[in-house]
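Q: Got a file for you: structure_27.cif, mmCIF, C-alpha atoms and all ligand atoms.
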```cif
data_protein
loop_
_atom_site.label_atom_id
_atom_site.label_comp_id
_atom_site.auth_asym_id
_atom_site.auth_seq_id
_atom_site.Cartn_x
_atom_site.Cartn_y
_atom_site.Cartn_z
CA MET A 1 -23.81 9.70 -0.61
CA GLN A 2 -25.49 6.68 -2.12
CA LYS A 3 -23.68 3.38 -2.64
CA LYS A 4 -24.50 2.01 -6.09
CA GLU A 5 -23.36 -0.97 -8.15
CA GLN A 6 -20.15 -2.89 -7.52
CA LEU A 7 -17.53 -1.87 -10.08
CA TYR A 8 -14.82 -4.32 -9.11
CA GLU A 9 -13.96 -7.01 -6.62
CA GLY A 10 -10.26 -7.40 -5.96
CA LYS A 11 -8.33 -9.67 -3.64
CA ALA A 12 -8.61 -7.38 -0.62
CA LYS A 13 -11.26 -4.79 -1.44
CA LYS A 14 -14.48 -4.22 -3.32
CA VAL A 15 -15.05 -0.97 -5.18
CA PHE A 16 -18.55 0.51 -5.59
CA ALA A 17 -19.93 3.33 -7.70
CA THR A 18 -21.77 6.19 -5.97
CA ASP A 19 -24.28 8.79 -7.15
CA ASP A 20 -21.28 11.09 -7.75
CA ALA A 21 -19.33 10.02 -10.87
CA ASN A 22 -16.08 11.37 -9.37
CA LEU A 23 -16.30 9.32 -6.17
CA CYS A 24 -16.37 5.64 -5.31
CA ILE A 25 -16.61 3.60 -2.13
CA VAL A 26 -13.98 1.04 -1.20
CA ASP A 27 -14.99 -1.82 1.09
CA TYR A 28 -12.12 -3.64 2.83
CA LYS A 29 -12.41 -7.42 3.18
CA ASP A 30 -10.76 -9.88 5.59
CA ASP A 31 -9.59 -12.01 2.63
CA ALA A 32 -5.84 -12.41 2.41
CA THR A 33 -3.79 -13.65 -0.53
CA ALA A 34 -0.08 -14.03 -1.17
CA PHE A 35 2.20 -15.16 -3.98
CA ASN A 36 0.00 -13.66 -6.68
CA GLY A 37 -3.16 -15.25 -5.29
CA GLU A 38 -1.75 -18.78 -4.93
CA LYS A 39 -2.08 -18.72 -1.14
CA LYS A 40 -5.50 -17.75 0.17
CA GLY A 41 -6.86 -17.24 3.66
CA THR A 42 -8.72 -14.96 6.04
CA ILE A 43 -7.29 -12.58 8.59
CA THR A 44 -10.18 -11.84 10.95
CA GLY A 45 -10.61 -8.11 11.51
CA LYS A 46 -8.03 -7.15 8.86
CA GLY A 47 -10.52 -5.20 6.73
CA VAL A 48 -11.40 -2.90 9.61
CA ILE A 49 -7.75 -2.34 10.55
CA ASN A 50 -6.60 -1.73 6.96
CA ASN A 51 -9.43 0.74 6.38
CA VAL A 52 -8.75 2.72 9.55
CA MET A 53 -4.97 2.62 9.13
CA SER A 54 -5.08 3.67 5.46
CA ASN A 55 -7.33 6.61 6.24
CA HIS A 56 -5.10 7.61 9.15
CA MET A 57 -2.01 7.53 6.91
CA PHE A 58 -3.72 9.36 4.03
CA GLN A 59 -4.83 12.16 6.35
CA LEU A 60 -1.33 12.45 7.82
CA LEU A 61 0.14 12.58 4.29
CA GLU A 62 -2.39 15.19 3.13
CA LYS A 63 -1.29 17.41 6.03
CA GLN A 64 2.30 17.02 4.82
CA GLY A 65 1.35 18.10 1.30
CA VAL A 66 0.85 14.73 -0.44
CA PRO A 67 -2.46 14.65 -2.36
CA THR A 68 -4.43 11.43 -1.80
CA HIS A 69 -7.74 9.87 -2.85
CA PHE A 70 -9.15 9.98 0.72
CA VAL A 71 -12.50 11.75 1.12
CA GLU A 72 -14.44 10.35 4.10
CA GLN A 73 -14.69 7.19 6.17
CA LEU A 74 -18.25 5.85 6.07
CA SER A 75 -18.07 2.85 8.36
CA GLU A 76 -15.57 0.40 9.88
CA ARG A 77 -14.83 -1.09 6.47
CA GLU A 78 -16.04 1.51 3.96
CA THR A 79 -14.47 4.74 2.75
CA VAL A 80 -15.39 7.28 0.10
CA VAL A 81 -12.45 8.00 -2.20
CA LYS A 82 -11.88 10.07 -5.31
CA LYS A 83 -12.30 7.80 -8.32
CA VAL A 84 -9.10 7.73 -10.30
CA SER A 85 -7.69 5.90 -13.24
CA ILE A 86 -5.01 3.78 -11.57
CA VAL A 87 -1.51 4.06 -13.06
CA PRO A 88 -0.71 0.35 -13.54
CA LEU A 89 2.56 0.52 -11.62
CA GLU A 90 3.17 -0.81 -8.13
CA VAL A 91 5.68 1.58 -6.62
CA ILE A 92 7.91 -0.08 -4.03
CA ILE A 93 10.14 1.83 -1.65
CA ARG A 94 12.66 0.01 0.53
CA ASN A 95 14.68 1.21 3.52
CA ILE A 96 15.92 -2.23 4.60
CA SER A 97 16.51 -5.45 2.65
CA ALA A 98 13.66 -7.97 2.82
CA GLY A 99 11.34 -10.10 0.71
CA SER A 100 11.93 -10.22 -3.03
CA PHE A 101 14.95 -7.87 -2.78
CA ALA A 102 16.78 -10.24 -0.42
CA LYS A 103 15.83 -13.23 -2.56
CA ARG A 104 16.70 -11.68 -5.94
CA TYR A 105 20.14 -10.44 -4.89
CA GLY A 106 20.99 -13.27 -2.49
CA VAL A 107 21.39 -11.11 0.60
CA GLU A 108 20.03 -11.49 4.11
CA GLU A 109 17.01 -9.58 5.34
CA GLY A 110 17.59 -6.62 7.67
CA ILE A 111 20.41 -4.73 5.93
CA ALA A 112 19.75 -0.99 6.37
CA PHE A 113 20.38 0.97 3.16
CA ASP A 114 22.24 4.30 3.12
CA GLN A 115 19.43 5.65 0.91
CA PRO A 116 15.94 4.36 0.17
CA THR A 117 15.45 2.49 -3.10
CA ILE A 118 12.55 2.66 -5.54
CA GLU A 119 11.32 0.11 -8.05
CA PHE A 120 8.22 -0.48 -10.13
CA SER A 121 6.20 -3.56 -10.91
CA TYR A 122 3.80 -3.64 -13.84
CA LYS A 123 0.39 -4.13 -12.18
CA ASN A 124 -0.87 -7.07 -14.23
CA ASP A 125 -2.11 -10.18 -12.43
CA ASP A 126 -1.94 -12.37 -15.56
CA LEU A 127 1.78 -11.65 -15.85
CA GLY A 128 2.39 -11.89 -12.08
CA ASP A 129 3.22 -8.17 -11.62
CA PRO A 130 6.68 -8.30 -13.26
CA LEU A 131 9.45 -5.89 -12.33
CA ILE A 132 9.60 -3.03 -14.87
CA ASN A 133 11.89 -0.04 -15.39
CA ASP A 134 10.87 3.49 -16.29
CA TYR A 135 11.91 3.13 -19.96
CA HIS A 136 9.71 0.06 -20.36
CA ALA A 137 6.84 1.80 -18.55
CA LEU A 138 7.21 4.68 -21.03
CA ALA A 139 7.40 2.29 -24.01
CA LEU A 140 4.18 0.64 -22.84
CA LYS A 141 2.63 4.12 -22.31
CA LEU A 142 1.71 3.26 -18.71
CA ALA A 143 2.56 6.86 -17.75
CA THR A 144 4.39 9.88 -19.15
CA ARG A 145 7.95 10.90 -18.19
CA GLU A 146 6.54 13.79 -16.11
CA GLU A 147 4.08 11.49 -14.35
CA ILE A 148 6.80 8.97 -13.52
CA GLU A 149 9.05 11.71 -12.12
CA ASN A 150 6.15 13.08 -10.10
CA ILE A 151 5.29 9.61 -8.78
CA GLN A 152 8.92 9.01 -7.76
CA SER A 153 9.23 12.24 -5.83
CA MET A 154 5.85 11.73 -4.15
CA ALA A 155 6.82 8.16 -3.17
CA PHE A 156 10.07 9.34 -1.53
CA LYS A 157 8.14 12.08 0.29
CA VAL A 158 5.64 9.47 1.54
CA ASN A 159 8.59 7.42 2.79
CA GLU A 160 10.04 10.33 4.78
CA VAL A 161 6.68 11.12 6.41
CA MET A 162 5.85 7.49 7.18
CA LYS A 163 9.34 6.56 8.41
CA ALA A 164 9.27 9.40 10.95
CA TYR A 165 5.73 8.55 11.98
CA PHE A 166 6.37 4.83 12.55
CA ASP A 167 9.60 5.60 14.37
CA LYS A 168 7.50 7.35 17.04
CA LEU A 169 5.45 4.13 17.36
CA ASN A 170 8.68 2.15 17.90
CA VAL A 171 8.20 0.56 14.49
CA ILE A 172 10.71 0.27 11.63
CA LEU A 173 9.26 0.93 8.17
CA VAL A 174 11.15 -1.71 6.18
CA ASP A 175 9.44 -1.39 2.79
CA PHE A 176 6.04 -0.70 1.27
CA LYS A 177 4.01 -0.58 -1.95
CA LEU A 178 2.08 2.42 -3.23
CA GLU A 179 -0.37 2.92 -6.08
CA PHE A 180 -1.08 6.24 -7.74
CA GLY A 181 -4.05 7.33 -9.83
CA LYS A 182 -4.99 10.08 -12.23
CA THR A 183 -7.98 12.35 -11.59
CA PRO A 184 -10.18 13.47 -14.54
CA ASP A 185 -8.21 16.75 -14.66
CA GLY A 186 -4.93 14.85 -15.03
CA LYS A 187 -3.57 15.26 -11.51
CA ILE A 188 -1.60 12.37 -9.99
CA ILE A 189 -2.71 11.46 -6.45
CA LEU A 190 -1.89 8.67 -4.01
CA ALA A 191 -4.57 5.93 -4.07
CA ASP A 192 -5.29 2.34 -2.96
CA GLU A 193 -4.22 1.55 0.63
CA ILE A 194 -1.41 1.78 3.18
CA SER A 195 -1.70 -1.07 5.66
CA PRO A 196 0.13 -4.07 7.14
CA ASP A 197 -0.87 -5.83 3.86
CA THR A 198 1.24 -3.39 1.85
CA CYS A 199 4.03 -2.42 4.28
CA ARG A 200 6.68 -4.39 6.14
CA LEU A 201 6.67 -3.18 9.73
CA TRP A 202 9.10 -4.48 12.37
CA ASP A 203 9.14 -3.75 16.08
CA LYS A 204 12.18 -1.53 16.66
CA ASP A 205 13.45 -3.43 19.72
CA THR A 206 12.62 -7.07 19.00
CA LYS A 207 12.49 -6.87 15.15
CA GLU A 208 9.28 -8.87 15.43
CA LYS A 209 7.26 -8.77 12.19
CA LEU A 210 3.98 -6.87 12.52
CA ASP A 211 2.69 -7.29 8.96
CA LYS A 212 1.45 -9.70 6.30
CA ASP A 213 4.73 -11.63 6.26
CA ARG A 214 3.30 -13.53 9.26
CA PHE A 215 0.56 -14.80 6.92
CA ARG A 216 2.85 -15.32 3.90
CA ARG A 217 5.34 -17.33 5.97
CA ASP A 218 2.83 -19.19 8.22
CA MET A 219 4.40 -17.66 11.33
CA GLY A 220 1.21 -17.54 13.42
CA GLY A 221 0.08 -14.52 15.42
CA VAL A 222 -1.23 -12.85 12.25
CA GLU A 223 -4.36 -11.21 13.72
CA GLU A 224 -2.37 -10.19 16.81
CA ALA A 225 0.24 -8.43 14.66
CA TYR A 226 -2.41 -6.37 12.83
CA GLN A 227 -4.05 -5.56 16.16
CA GLU A 228 -0.71 -4.49 17.65
CA ILE A 229 -0.12 -2.02 14.79
CA MET A 230 -3.66 -0.71 15.24
CA ARG A 231 -3.11 -0.36 19.00
CA ARG A 232 0.06 1.70 18.48
CA LEU A 233 -1.64 3.89 15.85
CA MET A 234 -4.56 4.60 18.16
CA ALA A 235 -2.35 5.22 21.20
CA GLU A 236 -0.44 7.93 19.33
P1 LIG B 1 -6.29 -6.20 -6.40
O1 LIG B 1 -6.93 -5.56 -7.58
O2 LIG B 1 -4.77 -6.17 -6.53
O3 LIG B 1 -6.82 -7.55 -6.06
P2 LIG B 1 -7.73 -4.84 -4.20
O4 LIG B 1 -8.50 -6.01 -3.74
O5 LIG B 1 -7.11 -3.98 -3.18
O6 LIG B 1 -6.52 -5.22 -5.17
O7 LIG B 1 -8.71 -4.03 -5.12
C1 LIG B 1 -8.85 -2.66 -5.10
C2 LIG B 1 -8.70 -2.15 -6.52
O8 LIG B 1 -9.12 -0.79 -6.56
C3 LIG B 1 -7.25 -2.18 -6.99
O9 LIG B 1 -7.21 -2.66 -8.31
C4 LIG B 1 -6.83 -0.72 -6.93
O10 LIG B 1 -5.86 -0.41 -7.90
C5 LIG B 1 -8.13 0.01 -7.19
N1 LIG B 1 -8.22 1.35 -6.59
C6 LIG B 1 -7.64 1.77 -5.44
N2 LIG B 1 -7.96 3.08 -5.21
C7 LIG B 1 -8.75 3.48 -6.23
C8 LIG B 1 -9.39 4.71 -6.56
N3 LIG B 1 -9.28 5.79 -5.79
N4 LIG B 1 -10.13 4.76 -7.73
C9 LIG B 1 -10.25 3.66 -8.51
N5 LIG B 1 -9.67 2.47 -8.24
C10 LIG B 1 -8.93 2.37 -7.12
N1 LIG B 2 3.76 -5.50 -1.81
C1 LIG B 2 2.38 -5.33 -1.94
N2 LIG B 2 1.74 -5.91 -2.99
C2 LIG B 2 2.38 -6.64 -3.92
C3 LIG B 2 3.77 -6.83 -3.80
C4 LIG B 2 4.43 -6.24 -2.74
O1 LIG B 2 1.78 -4.64 -1.12
O2 LIG B 2 1.73 -7.13 -4.87
C5 LIG B 2 4.48 -4.89 -0.69
C6 LIG B 2 4.94 -5.91 0.33
O3 LIG B 2 3.98 -6.03 1.37
C7 LIG B 2 6.22 -5.31 0.85
C8 LIG B 2 6.77 -4.50 -0.33
O4 LIG B 2 5.66 -4.29 -1.19
O5 LIG B 2 5.95 -4.41 1.91
C9 LIG B 2 7.89 -5.17 -1.06
O6 LIG B 2 7.49 -6.47 -1.42
P1 LIG B 2 8.51 -7.48 -2.13
O7 LIG B 2 8.88 -6.93 -3.46
O8 LIG B 2 9.62 -7.79 -1.20
O9 LIG B 2 7.62 -8.73 -2.48
P2 LIG B 2 7.11 -10.00 -1.70
O10 LIG B 2 8.13 -10.41 -0.71
O11 LIG B 2 5.81 -9.54 -1.12
O12 LIG B 2 6.94 -10.96 -2.82
#
```
Please express what this file holds, its structure, as structure tokens.
A:
Amino acid sequence: MQKKEQLYEGKAKKVFATDDANLCIVDYKDDATAFNGEKKGTITGKGVINNVMSNHMFQLLEKQGVPTHFVEQLSERETVVKKVSIVPLEVIIRNISAGSFAKRYGVEEGIAFDQPTIEFSYKNDDLGDPLINDYHALALKLATREEIENIQSMAFKVNEVMKAYFDKLNVILVDFKLEFGKTPDGKIILADEISPDTCRLWDKDTKEKLDKDRFRRDMGGVEEAYQEIMRRLMAE
């Protein structure tokens, strides 16, 4: 596997071409951003943790029947993944009120829902990733009806697998964001990352935040929170 030219540099990862047109290499950075890139910083060691955690979650999900882009971890920060055309929807699942949900509807954080919720944001940095519904996603031809239904059922399946997994680590899976991509043969698979950057994770006993909210909200103990999640993952 040969790493070739850089295809893209995002806020948290770089993506490189390889000598295989169907594969690319993602390289996880320590750069952290919040509020659509307005707040910038570094979380030392984050890239390593997010790489290892994402790969751990993708392998667990594959075993449970969820197809993912994961192929092979190359190094602490680099992983070979199947190259997909990303469906420009951020898929957000929530089990407990927090973040933009709490703000939008004027409720406190920490309310456990009877059923998980799903919502989509249109993945478009210039527009600030606006909330979008399935009819608008269809109108904009971001995906087909079948693809959206498939994405929804996969996202709920991911939630069931991850909720049970984190519960064993004494962690509450509050909410998270997923991205899906399309392979050249038209199959929808789970892509991007699953990490404390993209999930809200609370300690079950103390409700302490073990995720990027510590960075967003200047709470301190950011690196320690990422390390604590990593420690629990590795201990399991
Ligand atoms: P952003 O683009 O939001 O700043 P990142 O820094 O995480 O995010 O950049 C990684 C980019 O790679 C994202 O745009 C993501 O959608 C894309 N991506 C993730 N997985 C794949 C994949 N398997 N194939 C192609 N692109 C991918
Ligand atoms: N999220 C993400 N990327 C985004 C927006 C949200 O990974 O661009 C994750 C976020 O970490 C949280 C969940 O999606 O776990 C729900 O985020 P929310 O809508 O509450 O937005 P935020 O509070 O981050 O603005």
Q: Find the nearest atom pair between each residue of chain A and ligand LIG 2 (chain B) for residues within 6 Å, count all atoms listed in the file, give distances in Å to one decimal, sort rows by chain and ascending number, and present the table as a tab-separated table.
A:
```
residue	atom	partner	partner_atom	distance
A:Ile92	CA	B:LIG2	O4	5.6
A:Ala98	CA	B:LIG2	O8	5.7
A:Gly99	CA	B:LIG2	O8	3.5
A:Ser100	CA	B:LIG2	O8	3.8
A:Phe101	CA	B:LIG2	O8	5.6
A:Asp175	CA	B:LIG2	O5	4.7
A:Phe176	CA	B:LIG2	O5	3.8
A:Lys177	CA	B:LIG2	O4	4.1
A:Asp197	CA	B:LIG2	O3	5.5
A:Thr198	CA	B:LIG2	O1	3.3
A:Cys199	CA	B:LIG2	O5	3.6
A:Arg200	CA	B:LIG2	O5	4.3
```
Q: Take the selection from the previous step and output its residues with C-alpha atoms, as an mmCIF file, in the coordinates of the input.
A:
```cif
data_model
loop_
_atom_site.group_PDB
_atom_site.id
_atom_site.type_symbol
_atom_site.label_atom_id
_atom_site.label_comp_id
_atom_site.auth_asym_id
_atom_site.auth_seq_id
_atom_site.Cartn_x
_atom_site.Cartn_y
_atom_site.Cartn_z
ATOM 1 C CA ILE A 92 7.910 -0.080 -4.030
ATOM 2 C CA ALA A 98 13.660 -7.970 2.820
ATOM 3 C CA GLY A 99 11.340 -10.100 0.710
ATOM 4 C CA SER A 100 11.930 -10.220 -3.030
ATOM 5 C CA PHE A 101 14.950 -7.870 -2.780
ATOM 6 C CA ASP A 175 9.440 -1.390 2.790
ATOM 7 C CA PHE A 176 6.040 -0.700 1.270
ATOM 8 C CA LYS A 177 4.010 -0.580 -1.950
ATOM 9 C CA ASP A 197 -0.870 -5.830 3.860
ATOM 10 C CA THR A 198 1.240 -3.390 1.850
ATOM 11 C CA CYS A 199 4.030 -2.420 4.280
ATOM 12 C CA ARG A 200 6.680 -4.390 6.140
#
```
Q: Find the axis-aligned box for ligand LIG 1 (chain B), covering all its listed atoms and adding 3 Å on each side, and write its centre and edge lengths in Å to one decimal as JSON.
A:
```
{"center_x": -7.5, "center_y": -0.9, "center_z": -5.8, "size_x": 11.5, "size_y": 19.3, "size_z": 11.3}
```
Q: Counting all atoms listed in the file, select every polymer residue within 12 Å of (3.0, -3.3, 9.0) as defined in the file's coordinates, and provide the selection as JSON, numbers by chain.
A: {"A": [46, 49, 50, 53, 54, 162, 163, 166, 169, 170, 171, 172, 173, 174, 175, 176, 177, 194, 195, 196, 197, 198, 199, 200, 201, 202, 203, 207, 208, 209, 210, 211, 212, 213, 214, 215, 222, 223, 224, 225, 226, 227, 228, 229, 230, 232, 233]}
Q: With distances taken over all atoms listed in the file, which of A:Ser153, A:Asn95, A:Thr68, A:Asn55 is nearest to ligand LIG 1 (chain B)?
A: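 Smallest distance to ligand LIG 1 (chain B) is found for A:Thr68.
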Q: Using only C-alpha atoms and all ligand atoms, which protein or nucleic acid residues are at most 10 Å from ligand LIG 1 (chain B), as an MDAnalysis selection string?
A: chainID A and resid 7:17 22:29 31:33 36:37 68:71 80:90 123:125 129 178:183 189:193 197:198
Q: Write out, as an mmCIF file, keeping the file's coordinate frame, the residues just selected, with C-alpha atoms.
A:
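Saved to out.cif:
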```
data_model
loop_
_atom_site.group_PDB
_atom_site.id
_atom_site.type_symbol
_atom_site.label_atom_id
_atom_site.label_comp_id
_atom_site.auth_asym_id
_atom_site.auth_seq_id
_atom_site.Cartn_x
_atom_site.Cartn_y
_atom_site.Cartn_z
ATOM 1 C CA LEU A 7 -17.530 -1.870 -10.080
ATOM 2 C CA TYR A 8 -14.820 -4.320 -9.110
ATOM 3 C CA GLU A 9 -13.960 -7.010 -6.620
ATOM 4 C CA GLY A 10 -10.260 -7.400 -5.960
ATOM 5 C CA LYS A 11 -8.330 -9.670 -3.640
ATOM 6 C CA ALA A 12 -8.610 -7.380 -0.620
ATOM 7 C CA LYS A 13 -11.260 -4.790 -1.440
ATOM 8 C CA LYS A 14 -14.480 -4.220 -3.320
ATOM 9 C CA VAL A 15 -15.050 -0.970 -5.180
ATOM 10 C CA PHE A 16 -18.550 0.510 -5.590
ATOM 11 C CA ALA A 17 -19.930 3.330 -7.700
ATOM 12 C CA ASN A 22 -16.080 11.370 -9.370
ATOM 13 C CA LEU A 23 -16.300 9.320 -6.170
ATOM 14 C CA CYS A 24 -16.370 5.640 -5.310
ATOM 15 C CA ILE A 25 -16.610 3.600 -2.130
ATOM 16 C CA VAL A 26 -13.980 1.040 -1.200
ATOM 17 C CA ASP A 27 -14.990 -1.820 1.090
ATOM 18 C CA TYR A 28 -12.120 -3.640 2.830
ATOM 19 C CA LYS A 29 -12.410 -7.420 3.180
ATOM 20 C CA ASP A 31 -9.590 -12.010 2.630
ATOM 21 C CA ALA A 32 -5.840 -12.410 2.410
ATOM 22 C CA THR A 33 -3.790 -13.650 -0.530
ATOM 23 C CA ASN A 36 0.000 -13.660 -6.680
ATOM 24 C CA GLY A 37 -3.160 -15.250 -5.290
ATOM 25 C CA THR A 68 -4.430 11.430 -1.800
ATOM 26 C CA HIS A 69 -7.740 9.870 -2.850
ATOM 27 C CA PHE A 70 -9.150 9.980 0.720
ATOM 28 C CA VAL A 71 -12.500 11.750 1.120
ATOM 29 C CA VAL A 80 -15.390 7.280 0.100
ATOM 30 C CA VAL A 81 -12.450 8.000 -2.200
ATOM 31 C CA LYS A 82 -11.880 10.070 -5.310
ATOM 32 C CA LYS A 83 -12.300 7.800 -8.320
ATOM 33 C CA VAL A 84 -9.100 7.730 -10.300
ATOM 34 C CA SER A 85 -7.690 5.900 -13.240
ATOM 35 C CA ILE A 86 -5.010 3.780 -11.570
ATOM 36 C CA VAL A 87 -1.510 4.060 -13.060
ATOM 37 C CA PRO A 88 -0.710 0.350 -13.540
ATOM 38 C CA LEU A 89 2.560 0.520 -11.620
ATOM 39 C CA GLU A 90 3.170 -0.810 -8.130
ATOM 40 C CA LYS A 123 0.390 -4.130 -12.180
ATOM 41 C CA ASN A 124 -0.870 -7.070 -14.230
ATOM 42 C CA ASP A 125 -2.110 -10.180 -12.430
ATOM 43 C CA ASP A 129 3.220 -8.170 -11.620
ATOM 44 C CA LEU A 178 2.080 2.420 -3.230
ATOM 45 C CA GLU A 179 -0.370 2.920 -6.080
ATOM 46 C CA PHE A 180 -1.080 6.240 -7.740
ATOM 47 C CA GLY A 181 -4.050 7.330 -9.830
ATOM 48 C CA LYS A 182 -4.990 10.080 -12.230
ATOM 49 C CA THR A 183 -7.980 12.350 -11.590
ATOM 50 C CA ILE A 189 -2.710 11.460 -6.450
ATOM 51 C CA LEU A 190 -1.890 8.670 -4.010
ATOM 52 C CA ALA A 191 -4.570 5.930 -4.070
ATOM 53 C CA ASP A 192 -5.290 2.340 -2.960
ATOM 54 C CA GLU A 193 -4.220 1.550 0.630
ATOM 55 C CA ASP A 197 -0.870 -5.830 3.860
ATOM 56 C CA THR A 198 1.240 -3.390 1.850
#
```
Q: Please compute the atom CA of A:Phe58-atom CA of A:Met154 distance, one decimal, in Å.
A: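 That distance, rounded to one decimal, is 12.8 Å.
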Q: To one decimal in Å, tell me the separation between atom CA of A:Thr18 and atom CA of A:Gln73.
A: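 So the answer is 14.1 Å.
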Q: Report, in Å with one decimal, the straight-line distance from atom CA of A:Asp167 to atom CA of A:Arg94.
A: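 Atom CA of A:Asp167 sits 15.2 Å away from atom CA of A:Arg94.
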